[in-house]
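Student: Dropping in work-v2.pdb, which is PDB, C-alpha atoms, pLDDT in the B column:
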```
ATOM      1  CA  MET A   1      57.121  48.054  14.791  1.00 57.00           C
ATOM      2  CA  SER A   2      56.108  47.623  11.168  1.00 82.00           C
ATOM      3  CA  LEU A   3      56.278  44.189   9.616  1.00 91.00           C
ATOM      4  CA  GLU A   4      59.023  43.251   7.205  1.00 95.00           C
ATOM      5  CA  PRO A   5      57.843  43.476   3.597  1.00 95.00           C
ATOM      6  CA  TYR A   6      57.644  39.713   3.058  1.00 97.00           C
ATOM      7  CA  LYS A   7      55.478  39.418   6.157  1.00 97.00           C
ATOM      8  CA  ARG A   8      53.247  42.192   4.875  1.00 97.00           C
ATOM      9  CA  TYR A   9      52.887  40.243   1.651  1.00 97.00           C
ATOM     10  CA  ARG A  10      52.125  37.065   3.594  1.00 97.00           C
ATOM     11  CA  GLU A  11      49.396  38.859   5.522  1.00 97.00           C
ATOM     12  CA  ALA A  12      47.979  40.363   2.335  1.00 97.00           C
ATOM     13  CA  VAL A  13      47.773  36.927   0.727  1.00 98.00           C
ATOM     14  CA  PHE A  14      46.194  35.372   3.832  1.00 98.00           C
ATOM     15  CA  GLU A  15      43.583  38.131   3.973  1.00 98.00           C
ATOM     16  CA  LYS A  16      42.689  37.746   0.298  1.00 98.00           C
ATOM     17  CA  LEU A  17      42.496  33.964   0.589  1.00 98.00           C
ATOM     18  CA  GLN A  18      40.118  34.285   3.529  1.00 98.00           C
ATOM     19  CA  LYS A  19      37.881  36.621   1.551  1.00 98.00           C
ATOM     20  CA  ALA A  20      38.062  34.410  -1.529  1.00 98.00           C
ATOM     21  CA  PHE A  21      36.984  31.306   0.367  1.00 98.00           C
ATOM     22  CA  ARG A  22      33.959  33.103   1.781  1.00 98.00           C
ATOM     23  CA  GLN A  23      32.488  32.896  -1.728  1.00 98.00           C
ATOM     24  CA  GLU A  24      30.882  29.624  -0.723  1.00 98.00           C
ATOM     25  CA  LYS A  25      27.850  29.937  -2.992  1.00 98.00           C
ATOM     26  CA  GLU A  26      30.026  30.604  -6.027  1.00 98.00           C
ATOM     27  CA  ILE A  27      32.451  27.775  -5.201  1.00 98.00           C
ATOM     28  CA  SER A  28      29.544  25.391  -4.654  1.00 98.00           C
ATOM     29  CA  THR A  29      27.800  26.342  -7.888  1.00 98.00           C
ATOM     30  CA  ALA A  30      30.947  26.119 -10.002  1.00 98.00           C
ATOM     31  CA  SER A  31      31.726  22.727  -8.442  1.00 98.00           C
ATOM     32  CA  LYS A  32      28.254  21.400  -9.271  1.00 98.00           C
ATOM     33  CA  TRP A  33      28.571  22.486 -12.897  1.00 98.00           C
ATOM     34  CA  ILE A  34      31.958  20.800 -13.231  1.00 98.00           C
ATOM     35  CA  ALA A  35      30.730  17.634 -11.503  1.00 98.00           C
ATOM     36  CA  ASN A  36      27.796  17.510 -13.922  1.00 97.00           C
ATOM     37  CA  THR A  37      30.188  17.976 -16.824  1.00 98.00           C
ATOM     38  CA  ILE A  38      32.308  15.063 -15.638  1.00 97.00           C
ATOM     39  CA  THR A  39      29.232  12.932 -14.987  1.00 96.00           C
ATOM     40  CA  ASN A  40      27.909  13.617 -18.502  1.00 96.00           C
ATOM     41  CA  GLN A  41      31.268  13.041 -20.220  1.00 96.00           C
ATOM     42  CA  GLY A  42      31.640  16.714 -21.083  1.00 98.00           C
ATOM     43  CA  TRP A  43      34.840  18.730 -21.173  1.00 98.00           C
ATOM     44  CA  ILE A  44      36.347  21.366 -18.917  1.00 98.00           C
ATOM     45  CA  TYR A  45      37.725  24.044 -21.235  1.00 98.00           C
ATOM     46  CA  THR A  46      39.990  26.654 -19.731  1.00 97.00           C
ATOM     47  CA  SER A  47      41.940  29.665 -20.910  1.00 97.00           C
ATOM     48  CA  GLY A  48      43.629  32.892 -19.892  1.00 95.00           C
ATOM     49  CA  THR A  49      45.905  35.487 -21.437  1.00 92.00           C
ATOM     50  CA  GLY A  50      49.185  36.926 -20.157  1.00 90.00           C
ATOM     51  CA  HIS A  51      49.995  35.700 -16.656  1.00 93.00           C
ATOM     52  CA  SER A  52      46.436  34.425 -16.315  1.00 95.00           C
ATOM     53  CA  HIS A  53      47.267  31.589 -18.697  1.00 93.00           C
ATOM     54  CA  MET A  54      49.017  30.000 -15.705  1.00 95.00           C
ATOM     55  CA  LEU A  55      45.611  29.336 -14.166  1.00 96.00           C
ATOM     56  CA  ALA A  56      44.595  27.427 -17.287  1.00 95.00           C
ATOM     57  CA  GLU A  57      47.729  25.320 -16.929  1.00 95.00           C
ATOM     58  CA  GLU A  58      47.123  24.909 -13.194  1.00 96.00           C
ATOM     59  CA  ILE A  59      44.312  22.418 -13.753  1.00 97.00           C
ATOM     60  CA  PHE A  60      45.672  20.724 -16.883  1.00 97.00           C
ATOM     61  CA  TYR A  61      47.688  17.468 -16.819  1.00 96.00           C
ATOM     62  CA  ARG A  62      48.165  17.987 -13.110  1.00 93.00           C
ATOM     63  CA  ALA A  63      48.661  15.463 -10.320  1.00 95.00           C
ATOM     64  CA  GLY A  64      45.224  15.142  -8.750  1.00 96.00           C
ATOM     65  CA  GLY A  65      43.620  16.970 -11.689  1.00 96.00           C
ATOM     66  CA  PHE A  66      40.833  15.831 -13.981  1.00 98.00           C
ATOM     67  CA  ALA A  67      41.811  14.185 -17.259  1.00 98.00           C
ATOM     68  CA  ARG A  68      38.965  15.777 -19.241  1.00 98.00           C
ATOM     69  CA  VAL A  69      40.489  19.265 -19.296  1.00 98.00           C
ATOM     70  CA  ILE A  70      41.175  21.060 -22.573  1.00 97.00           C
ATOM     71  CA  PRO A  71      43.300  24.201 -22.166  1.00 97.00           C
ATOM     72  CA  ILE A  72      43.198  26.776 -24.935  1.00 96.00           C
ATOM     73  CA  LEU A  73      46.801  27.958 -24.779  1.00 94.00           C
ATOM     74  CA  ASP A  74      47.822  30.197 -27.648  1.00 92.00           C
ATOM     75  CA  PRO A  75      51.559  31.060 -27.755  1.00 92.00           C
ATOM     76  CA  ASP A  76      50.811  34.561 -29.033  1.00 91.00           C
ATOM     77  CA  LEU A  77      48.814  35.250 -25.856  1.00 92.00           C
ATOM     78  CA  MET A  78      51.470  33.870 -23.517  1.00 91.00           C
ATOM     79  CA  LEU A  79      54.747  35.324 -22.321  1.00 90.00           C
ATOM     80  CA  HIS A  80      57.449  32.904 -23.455  1.00 91.00           C
ATOM     81  CA  LYS A  81      57.305  33.926 -27.115  1.00 90.00           C
ATOM     82  CA  ASP A  82      56.798  37.704 -27.068  1.00 92.00           C
ATOM     83  CA  ALA A  83      55.757  39.148 -23.709  1.00 93.00           C
ATOM     84  CA  SER A  84      54.993  42.699 -24.828  1.00 95.00           C
ATOM     85  CA  GLY A  85      53.474  41.398 -28.046  1.00 93.00           C
ATOM     86  CA  SER A  86      51.006  39.270 -26.087  1.00 94.00           C
ATOM     87  CA  THR A  87      49.646  42.456 -24.534  1.00 94.00           C
ATOM     88  CA  GLU A  88      48.813  43.757 -27.998  1.00 94.00           C
ATOM     89  CA  VAL A  89      47.267  40.479 -29.156  1.00 92.00           C
ATOM     90  CA  GLU A  90      44.924  40.121 -26.166  1.00 96.00           C
ATOM     91  CA  ARG A  91      43.313  43.438 -27.159  1.00 95.00           C
ATOM     92  CA  ARG A  92      42.600  42.334 -30.728  1.00 96.00           C
ATOM     93  CA  GLU A  93      38.925  41.957 -31.576  1.00 96.00           C
ATOM     94  CA  GLY A  94      38.047  38.911 -33.667  1.00 96.00           C
ATOM     95  CA  TYR A  95      41.071  36.912 -32.518  1.00 96.00           C
ATOM     96  CA  ALA A  96      39.071  34.719 -30.129  1.00 95.00           C
ATOM     97  CA  LYS A  97      37.048  33.223 -32.975  1.00 95.00           C
ATOM     98  CA  THR A  98      40.185  31.733 -34.501  1.00 95.00           C
ATOM     99  CA  LEU A  99      41.183  30.246 -31.149  1.00 94.00           C
ATOM    100  CA  PHE A 100      37.922  28.311 -30.910  1.00 94.00           C
ATOM    101  CA  GLU A 101      38.055  26.907 -34.446  1.00 94.00           C
ATOM    102  CA  PRO A 102      39.763  23.601 -33.458  1.00 94.00           C
ATOM    103  CA  TYR A 103      37.277  22.957 -30.631  1.00 95.00           C
ATOM    104  CA  THR A 104      33.688  21.774 -30.461  1.00 94.00           C
ATOM    105  CA  ILE A 105      32.394  23.252 -27.229  1.00 96.00           C
ATOM    106  CA  THR A 106      28.798  22.326 -26.308  1.00 97.00           C
ATOM    107  CA  SER A 107      26.182  22.693 -23.607  1.00 97.00           C
ATOM    108  CA  LYS A 108      27.669  19.660 -21.821  1.00 97.00           C
ATOM    109  CA  ASP A 109      30.873  21.602 -21.200  1.00 98.00           C
ATOM    110  CA  VAL A 110      32.125  24.312 -18.882  1.00 98.00           C
ATOM    111  CA  PHE A 111      34.537  27.068 -19.810  1.00 98.00           C
ATOM    112  CA  ILE A 112      36.784  28.510 -17.110  1.00 98.00           C
ATOM    113  CA  ILE A 113      38.525  31.739 -18.039  1.00 98.00           C
ATOM    114  CA  SER A 114      40.822  33.842 -15.885  1.00 97.00           C
ATOM    115  CA  SER A 115      41.695  37.502 -16.268  1.00 96.00           C
ATOM    116  CA  ASN A 116      42.786  39.935 -13.593  1.00 96.00           C
ATOM    117  CA  SER A 117      41.309  42.989 -15.319  1.00 96.00           C
ATOM    118  CA  GLY A 118      38.687  41.269 -17.460  1.00 96.00           C
ATOM    119  CA  ARG A 119      38.782  44.199 -19.871  1.00 97.00           C
ATOM    120  CA  ASN A 120      40.547  42.896 -22.967  1.00 97.00           C
ATOM    121  CA  SER A 121      38.846  41.834 -26.175  1.00 96.00           C
ATOM    122  CA  VAL A 122      40.096  38.258 -26.468  1.00 96.00           C
ATOM    123  CA  SER A 123      38.838  37.245 -23.033  1.00 97.00           C
ATOM    124  CA  VAL A 124      35.530  39.048 -23.525  1.00 97.00           C
ATOM    125  CA  GLU A 125      34.929  37.379 -26.875  1.00 97.00           C
ATOM    126  CA  MET A 126      35.978  33.937 -25.646  1.00 97.00           C
ATOM    127  CA  ALA A 127      33.325  34.148 -22.937  1.00 97.00           C
ATOM    128  CA  GLN A 128      30.754  35.327 -25.471  1.00 97.00           C
ATOM    129  CA  ILE A 129      31.504  32.439 -27.830  1.00 97.00           C
ATOM    130  CA  ALA A 130      31.395  29.838 -25.052  1.00 97.00           C
ATOM    131  CA  GLN A 131      28.019  31.135 -23.879  1.00 96.00           C
ATOM    132  CA  GLU A 132      26.669  31.115 -27.432  1.00 96.00           C
ATOM    133  CA  LYS A 133      27.634  27.431 -27.616  1.00 96.00           C
ATOM    134  CA  GLY A 134      25.672  26.759 -24.418  1.00 97.00           C
ATOM    135  CA  ALA A 135      28.595  26.107 -22.088  1.00 98.00           C
ATOM    136  CA  LYS A 136      28.588  27.420 -18.536  1.00 98.00           C
ATOM    137  CA  VAL A 137      31.157  30.204 -18.198  1.00 98.00           C
ATOM    138  CA  ILE A 138      33.082  30.459 -14.928  1.00 98.00           C
ATOM    139  CA  VAL A 139      35.271  33.541 -14.556  1.00 98.00           C
ATOM    140  CA  ILE A 140      38.168  34.157 -12.159  1.00 98.00           C
ATOM    141  CA  THR A 141      38.813  37.904 -11.964  1.00 98.00           C
ATOM    142  CA  ASN A 142      39.743  40.873  -9.793  1.00 97.00           C
ATOM    143  CA  TYR A 143      36.382  42.550  -9.380  1.00 98.00           C
ATOM    144  CA  ALA A 144      37.728  45.805  -7.911  1.00 97.00           C
ATOM    145  CA  HIS A 145      40.179  46.249 -10.780  1.00 97.00           C
ATOM    146  CA  SER A 146      37.617  45.313 -13.399  1.00 97.00           C
ATOM    147  CA  LYS A 147      35.076  47.820 -12.082  1.00 96.00           C
ATOM    148  CA  ALA A 148      37.732  50.553 -12.021  1.00 97.00           C
ATOM    149  CA  VAL A 149      38.636  50.358 -15.714  1.00 97.00           C
ATOM    150  CA  ASP A 150      36.847  50.624 -19.036  1.00 97.00           C
ATOM    151  CA  SER A 151      36.408  47.671 -21.346  1.00 97.00           C
ATOM    152  CA  ARG A 152      38.725  47.523 -24.337  1.00 97.00           C
ATOM    153  CA  HIS A 153      36.043  45.697 -26.331  1.00 97.00           C
ATOM    154  CA  SER A 154      33.639  47.576 -28.584  1.00 97.00           C
ATOM    155  CA  SER A 155      30.666  46.115 -26.677  1.00 97.00           C
ATOM    156  CA  GLY A 156      31.761  47.967 -23.557  1.00 97.00           C
ATOM    157  CA  LEU A 157      31.415  44.714 -21.603  1.00 98.00           C
ATOM    158  CA  LYS A 158      33.907  43.195 -19.206  1.00 98.00           C
ATOM    159  CA  LEU A 159      34.488  39.553 -18.446  1.00 97.00           C
ATOM    160  CA  PHE A 160      32.546  39.336 -15.182  1.00 97.00           C
ATOM    161  CA  GLN A 161      29.478  40.674 -17.009  1.00 97.00           C
ATOM    162  CA  LEU A 162      29.643  37.764 -19.454  1.00 97.00           C
ATOM    163  CA  SER A 163      30.013  35.022 -16.850  1.00 97.00           C
ATOM    164  CA  ASP A 164      27.395  32.616 -15.594  1.00 98.00           C
ATOM    165  CA  ILE A 165      29.248  32.982 -12.326  1.00 98.00           C
ATOM    166  CA  PHE A 166      32.444  34.778 -11.352  1.00 98.00           C
ATOM    167  CA  LEU A 167      34.833  34.421  -8.460  1.00 98.00           C
ATOM    168  CA  ASP A 168      36.702  37.406  -7.099  1.00 98.00           C
ATOM    169  CA  THR A 169      40.408  37.196  -6.245  1.00 98.00           C
ATOM    170  CA  PHE A 170      40.085  40.354  -4.106  1.00 98.00           C
ATOM    171  CA  GLY A 171      43.287  41.804  -5.531  1.00 97.00           C
ATOM    172  CA  GLU A 172      44.445  45.375  -5.492  1.00 96.00           C
ATOM    173  CA  ILE A 173      43.868  47.568  -8.516  1.00 96.00           C
ATOM    174  CA  GLY A 174      46.924  46.727 -10.575  1.00 95.00           C
ATOM    175  CA  ASP A 175      47.365  43.374  -8.763  1.00 96.00           C
ATOM    176  CA  ALA A 176      50.613  44.215  -6.924  1.00 97.00           C
ATOM    177  CA  SER A 177      49.865  44.621  -3.225  1.00 97.00           C
ATOM    178  CA  ILE A 178      52.865  45.993  -1.318  1.00 96.00           C
ATOM    179  CA  ASN A 179      54.195  49.549  -1.425  1.00 96.00           C
ATOM    180  CA  LEU A 180      57.827  50.218  -0.551  1.00 96.00           C
ATOM    181  CA  ASP A 181      59.391  53.579   0.246  1.00 94.00           C
ATOM    182  CA  GLY A 182      61.476  54.782  -2.659  1.00 96.00           C
ATOM    183  CA  LEU A 183      59.697  52.633  -5.255  1.00 96.00           C
ATOM    184  CA  HIS A 184      57.140  54.303  -7.497  1.00 95.00           C
ATOM    185  CA  THR A 185      54.919  51.227  -7.948  1.00 96.00           C
ATOM    186  CA  ASN A 186      53.761  48.353  -5.786  1.00 97.00           C
ATOM    187  CA  VAL A 187      55.274  44.859  -5.790  1.00 98.00           C
ATOM    188  CA  GLY A 188      53.882  41.470  -4.873  1.00 98.00           C
ATOM    189  CA  ALA A 189      51.066  40.337  -7.172  1.00 97.00           C
ATOM    190  CA  THR A 190      48.380  38.142  -5.622  1.00 98.00           C
ATOM    191  CA  SER A 191      46.116  37.088  -8.494  1.00 97.00           C
ATOM    192  CA  THR A 192      47.925  33.842  -9.281  1.00 97.00           C
ATOM    193  CA  VAL A 193      48.112  32.422  -5.766  1.00 98.00           C
ATOM    194  CA  VAL A 194      44.501  33.267  -4.935  1.00 98.00           C
ATOM    195  CA  GLY A 195      43.172  32.216  -8.327  1.00 98.00           C
ATOM    196  CA  ALA A 196      44.996  28.885  -8.168  1.00 98.00           C
ATOM    197  CA  ALA A 197      43.676  28.210  -4.670  1.00 98.00           C
ATOM    198  CA  LEU A 198      40.106  28.921  -5.767  1.00 98.00           C
ATOM    199  CA  LEU A 199      40.405  26.700  -8.825  1.00 98.00           C
ATOM    200  CA  ASN A 200      41.812  23.778  -6.862  1.00 98.00           C
ATOM    201  CA  ALA A 201      39.119  24.147  -4.210  1.00 98.00           C
ATOM    202  CA  ILE A 202      36.456  24.006  -6.909  1.00 98.00           C
ATOM    203  CA  MET A 203      38.035  20.907  -8.466  1.00 98.00           C
ATOM    204  CA  VAL A 204      38.271  19.112  -5.111  1.00 98.00           C
ATOM    205  CA  GLN A 205      34.615  19.789  -4.415  1.00 98.00           C
ATOM    206  CA  ALA A 206      33.650  18.773  -7.946  1.00 98.00           C
ATOM    207  CA  ALA A 207      35.468  15.445  -7.550  1.00 98.00           C
ATOM    208  CA  ALA A 208      33.555  14.749  -4.348  1.00 98.00           C
ATOM    209  CA  LEU A 209      30.242  15.618  -6.017  1.00 98.00           C
ATOM    210  CA  ALA A 210      31.004  13.378  -8.994  1.00 97.00           C
ATOM    211  CA  LEU A 211      31.596  10.501  -6.592  1.00 97.00           C
ATOM    212  CA  GLU A 212      28.254  11.260  -4.950  1.00 96.00           C
ATOM    213  CA  ASN A 213      26.726  10.985  -8.433  1.00 93.00           C
ATOM    214  CA  GLY A 214      28.195   7.505  -8.704  1.00 97.00           C
ATOM    215  CA  VAL A 215      30.944   8.562 -11.114  1.00 97.00           C
ATOM    216  CA  VAL A 216      34.613   7.976 -10.338  1.00 97.00           C
ATOM    217  CA  PRO A 217      36.379  10.870 -12.102  1.00 97.00           C
ATOM    218  CA  GLU A 218      39.443  10.172 -14.190  1.00 98.00           C
ATOM    219  CA  VAL A 219      42.308  11.925 -12.449  1.00 97.00           C
ATOM    220  CA  PHE A 220      45.992  12.163 -13.267  1.00 97.00           C
ATOM    221  CA  ASN A 221      48.550  10.903 -10.788  1.00 96.00           C
ATOM    222  CA  SER A 222      52.037  12.284 -10.291  1.00 94.00           C
ATOM    223  CA  SER A 223      54.231  11.022 -13.106  1.00 90.00           C
ATOM    224  CA  ASN A 224      57.108  11.188 -10.628  1.00 91.00           C
ATOM    225  CA  SER A 225      55.554   8.610  -8.312  1.00 88.00           C
ATOM    226  CA  ASP A 226      56.298   4.928  -8.852  1.00 83.00           C
ATOM    227  CA  GLU A 227      52.745   4.080  -9.923  1.00 84.00           C
ATOM    228  CA  GLY A 228      51.905   7.353 -11.651  1.00 85.00           C
ATOM    229  CA  GLU A 229      53.609   6.778 -14.989  1.00 89.00           C
ATOM    230  CA  SER A 230      51.589   3.734 -16.030  1.00 91.00           C
ATOM    231  CA  HIS A 231      48.321   5.210 -14.696  1.00 94.00           C
ATOM    232  CA  ASN A 232      48.820   8.429 -16.640  1.00 94.00           C
ATOM    233  CA  GLU A 233      49.837   6.602 -19.797  1.00 94.00           C
ATOM    234  CA  LEU A 234      46.407   4.974 -19.959  1.00 95.00           C
ATOM    235  CA  LEU A 235      44.686   8.368 -19.750  1.00 96.00           C
ATOM    236  CA  ILE A 236      47.051   9.929 -22.288  1.00 95.00           C
ATOM    237  CA  ASN A 237      46.394   7.130 -24.770  1.00 96.00           C
ATOM    238  CA  LYS A 238      42.645   7.455 -24.209  1.00 96.00           C
ATOM    239  CA  TYR A 239      42.458  11.233 -24.685  1.00 97.00           C
ATOM    240  CA  LYS A 240      45.377  12.109 -26.953  1.00 95.00           C
ATOM    241  CA  ALA A 241      43.072  12.371 -29.968  1.00 95.00           C
ATOM    242  CA  ASP A 242      40.854  14.870 -28.157  1.00 94.00           C
ATOM    243  CA  ILE A 243      43.598  16.844 -26.372  1.00 95.00           C
ATOM    244  CA  SER A 244      46.370  17.234 -28.916  1.00 91.00           C
ATOM    245  CA  ILE A 245      48.919  18.673 -26.493  1.00 94.00           C
ATOM    246  CA  LEU A 246      48.780  15.722 -24.079  1.00 92.00           C
TER     247      LEU A 246
END
```
Using structure tokens, write down the structure that the file contains.
Tutor:
Amino acid sequence: MSLEPYKRYREAVFEKLQKAFRQEKEISTASKWIANTITNQGWIYTSGTGHSHMLAEEIFYRAGGFARVIPILDPDLMLHKDASGSTEVERREGYAKTLFEPYTITSKDVFIISSNSGRNSVSVEMAQIAQEKGAKVIVITNYAHSKAVDSRHSSGLKLFQLSDIFLDTFGEIGDASINLDGLHTNVGATSTVVGAALLNAIMVQAAALALENGVVPEVFNSSNSDEGESHNELLINKYKADISIL
């Protein structure tokens, strides 16, 4: 008897998570870079276009998340303002330079960027700029999809090729994972759940490594817990000038 569709999706997610967590070398390396950034009072920059912007938000102002996170979240690249328009903007060469203008990214920092396809110009150029500034670039991407498509950037490069290290979400080409009879395209995307799990695993490991370095990382609490509000207020007041959207 075939599994019900939701169970097929569950199994697909479990399988991809298992594969993703076998990337122990990549998780370890990314964690060390982030721990060093925290130890040296650097910043964790993060970005993503389209649905991938959710992974940038995943580690920003989050219960249990580091305070020194600067997300580059441009409304024109997100979905709440103009969903189809964001698809056009993420392909626009030269746009990434304007996104970086308010930020001073340095060799003390890391830049985490997520893109399922890794083919669009804004993501490619953001990685290029971050590397030129000396930051370590950590990419979350769907390697199979990225290899299967051409770059939309004039360099011909894709995001994984511009990373210092990349982590694979092991998604299907096109992201959606479940085919249903009578429907012409698959349903059930997996990039967000796997990408978020990888990012949180890296952050957990980085926190442990920072402690081993003798540094207690500044971490947000839940603002909905009794003690969280006052704890978070101290961090907000400390970093509001550096992170304008706090």
Student: Where does region 70-186 of chain A meet region 19-39 of chain A within 9 Å, residue by residue, with the nearest atom pair and distance in Å to one decimal for each, counting all atoms listed in the file, listed by chain and rising number, as JSON lines?
Tutor:
```
{"residue": "A:Lys108", "atom": "CA", "partner": "A:Thr37", "partner_atom": "CA", "distance": 5.8}
{"residue": "A:Asp109", "atom": "CA", "partner": "A:Thr37", "partner_atom": "CA", "distance": 5.7}
{"residue": "A:Val110", "atom": "CA", "partner": "A:Ile34", "partner_atom": "CA", "distance": 6.7}
{"residue": "A:Lys136", "atom": "CA", "partner": "A:Trp33", "partner_atom": "CA", "distance": 7.5}
{"residue": "A:Ile138", "atom": "CA", "partner": "A:Ala30", "partner_atom": "CA", "distance": 6.9}
{"residue": "A:Ile165", "atom": "CA", "partner": "A:Glu26", "partner_atom": "CA", "distance": 6.8}
{"residue": "A:Phe166", "atom": "CA", "partner": "A:Glu26", "partner_atom": "CA", "distance": 7.2}
{"residue": "A:Leu167", "atom": "CA", "partner": "A:Glu26", "partner_atom": "CA", "distance": 6.6}
{"residue": "A:Asp168", "atom": "CA", "partner": "A:Ala20", "partner_atom": "CA", "distance": 6.5}
{"residue": "A:Thr169", "atom": "CA", "partner": "A:Ala20", "partner_atom": "CA", "distance": 6.0}
{"residue": "A:Phe170", "atom": "CA", "partner": "A:Ala20", "partner_atom": "CA", "distance": 6.8}
```
Student: List the neighbours of region 46-57 of chain A out to 10 Å using all atoms listed in the file; skip same-chain residues closer than 5 positions along the sequence, and give me the result as a PDB file with C-alpha atoms, in the coordinates of the input.
Tutor:
```
ATOM      1  CA  ARG A  62      48.165  17.987 -13.110  1.00 93.00           C
ATOM      2  CA  VAL A  69      40.489  19.265 -19.296  1.00 98.00           C
ATOM      3  CA  ILE A  70      41.175  21.060 -22.573  1.00 97.00           C
ATOM      4  CA  PRO A  71      43.300  24.201 -22.166  1.00 97.00           C
ATOM      5  CA  ILE A  72      43.198  26.776 -24.935  1.00 96.00           C
ATOM      6  CA  LEU A  73      46.801  27.958 -24.779  1.00 94.00           C
ATOM      7  CA  ASP A  74      47.822  30.197 -27.648  1.00 92.00           C
ATOM      8  CA  PRO A  75      51.559  31.060 -27.755  1.00 92.00           C
ATOM      9  CA  ASP A  76      50.811  34.561 -29.033  1.00 91.00           C
ATOM     10  CA  LEU A  77      48.814  35.250 -25.856  1.00 92.00           C
ATOM     11  CA  MET A  78      51.470  33.870 -23.517  1.00 91.00           C
ATOM     12  CA  LEU A  79      54.747  35.324 -22.321  1.00 90.00           C
ATOM     13  CA  HIS A  80      57.449  32.904 -23.455  1.00 91.00           C
ATOM     14  CA  ALA A  83      55.757  39.148 -23.709  1.00 93.00           C
ATOM     15  CA  SER A  84      54.993  42.699 -24.828  1.00 95.00           C
ATOM     16  CA  SER A  86      51.006  39.270 -26.087  1.00 94.00           C
ATOM     17  CA  THR A  87      49.646  42.456 -24.534  1.00 94.00           C
ATOM     18  CA  VAL A  89      47.267  40.479 -29.156  1.00 92.00           C
ATOM     19  CA  GLU A  90      44.924  40.121 -26.166  1.00 96.00           C
ATOM     20  CA  VAL A 110      32.125  24.312 -18.882  1.00 98.00           C
ATOM     21  CA  PHE A 111      34.537  27.068 -19.810  1.00 98.00           C
ATOM     22  CA  ILE A 112      36.784  28.510 -17.110  1.00 98.00           C
ATOM     23  CA  ILE A 113      38.525  31.739 -18.039  1.00 98.00           C
ATOM     24  CA  SER A 114      40.822  33.842 -15.885  1.00 97.00           C
ATOM     25  CA  SER A 115      41.695  37.502 -16.268  1.00 96.00           C
ATOM     26  CA  ASN A 116      42.786  39.935 -13.593  1.00 96.00           C
ATOM     27  CA  ASN A 120      40.547  42.896 -22.967  1.00 97.00           C
ATOM     28  CA  VAL A 122      40.096  38.258 -26.468  1.00 96.00           C
ATOM     29  CA  SER A 123      38.838  37.245 -23.033  1.00 97.00           C
ATOM     30  CA  MET A 126      35.978  33.937 -25.646  1.00 97.00           C
ATOM     31  CA  ALA A 127      33.325  34.148 -22.937  1.00 97.00           C
ATOM     32  CA  VAL A 137      31.157  30.204 -18.198  1.00 98.00           C
ATOM     33  CA  ILE A 138      33.082  30.459 -14.928  1.00 98.00           C
ATOM     34  CA  VAL A 139      35.271  33.541 -14.556  1.00 98.00           C
ATOM     35  CA  ILE A 140      38.168  34.157 -12.159  1.00 98.00           C
ATOM     36  CA  THR A 141      38.813  37.904 -11.964  1.00 98.00           C
ATOM     37  CA  SER A 191      46.116  37.088  -8.494  1.00 97.00           C
ATOM     38  CA  THR A 192      47.925  33.842  -9.281  1.00 97.00           C
ATOM     39  CA  VAL A 193      48.112  32.422  -5.766  1.00 98.00           C
ATOM     40  CA  GLY A 195      43.172  32.216  -8.327  1.00 98.00           C
ATOM     41  CA  ALA A 196      44.996  28.885  -8.168  1.00 98.00           C
ATOM     42  CA  ALA A 197      43.676  28.210  -4.670  1.00 98.00           C
ATOM     43  CA  LEU A 199      40.405  26.700  -8.825  1.00 98.00           C
ATOM     44  CA  ASN A 200      41.812  23.778  -6.862  1.00 98.00           C
TER      45      ASN A 200
END
```
Student: Near Ser107 (chain A), counting all atoms listed in the file, which residues have an atom at most 12 Å away, once you skip same-chain residues fewer than 5 positions from it, shown as a list of chain:residue names?
Tutor: A:Trp33, A:Asn36, A:Thr37, A:Asn40, A:Gln41, A:Gly42, A:Trp43, A:Ile44, A:Tyr45, A:Ile129, A:Ala130, A:Gln131, A:Glu132, A:Lys133, A:Gly134, A:Ala135, A:Lys136, A:Val137
Student: Assuming the chain letters and numbering stay as they are in my file, what does the PyMOL selection byres ((chain A and resi 179-186) around 12) actually select? List them as number ranges by chain.
Tutor: A: 3-6, 8-9, 12, 172-178, 187-190
Student: How many Å lie between CA of Met203 (chain A) and CA of Lys81 (chain A), rounded to one decimal?
Tutor: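 Going from CA of Met203 (chain A) over to CA of Lys81 (chain A), I get 29.8 Å.
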Student: Considering all atoms listed in the file, return as a list in words whatever protein or nucleic-acid residues lie within 7 Å of Phe66 (chain A), sequence-local ones (same chain, fewer than 4 positions apart) excluded.
Tutor: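 The residues satisfying every condition are Pro217, Glu218, Val219 and Phe220 of chain A.
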Student: Between A:Asn142, A:Asp242, A:Glu212, A:His231, which residue has the minimum interatomic distance to Lys16 (chain A), considering all atoms listed in the file?
Tutor: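 Closest to Lys16 (chain A) of all the choices is A:Asn142.
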Student: What does the PyMOL selection byres ((chain A and resi 222-226) around 8) select in this file, as a ChimeraX atom specification?
Tutor: /A:62-64,220-221,227-229,232
Student: Rounded to one decimal place, report the CA of Leu234 (chain A)-CA of Ala201 (chain A) distance in Å.
Tutor: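 These atoms are spaced 25.9 Å apart.
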Student: For a quick check of understanding, using all atoms listed in the file, which of A:Arg152, A:Lys240, A:Arg10, A:Arg91 has the smallest distance to Arg68 (chain A)?
Tutor: A:Lys240
Student: Report as a list in words all protein, DNA and RNA residues lying within 10 Å of region 149-151 of chain A, evaluated on all atoms listed in the file, omitting residues in the same chain fewer than 4 positions from it.
Tutor: Arg91, Ser117, Gly118, Arg119, Asn120, Ser121, Val124, Ala144, His145, Ser155, Gly156, Leu157, Lys158, Leu159 and Ile173 of chain A
Student: Could you please take those selected residues and save C-alpha atoms as a compact mmCIF listing (two decimals), in the coordinates of the input?
Tutor:
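Saved as selection_38.txt:
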```txt
# COMPACT_ATOMS: atom_id res chain seq x y z
CA ARG A 91 43.31 43.44 -27.16
CA SER A 117 41.31 42.99 -15.32
CA GLY A 118 38.69 41.27 -17.46
CA ARG A 119 38.78 44.20 -19.87
CA ASN A 120 40.55 42.90 -22.97
CA SER A 121 38.85 41.83 -26.18
CA VAL A 124 35.53 39.05 -23.52
CA ALA A 144 37.73 45.80 -7.91
CA HIS A 145 40.18 46.25 -10.78
CA SER A 155 30.67 46.12 -26.68
CA GLY A 156 31.76 47.97 -23.56
CA LEU A 157 31.42 44.71 -21.60
CA LYS A 158 33.91 43.20 -19.21
CA LEU A 159 34.49 39.55 -18.45
CA ILE A 173 43.87 47.57 -8.52
```
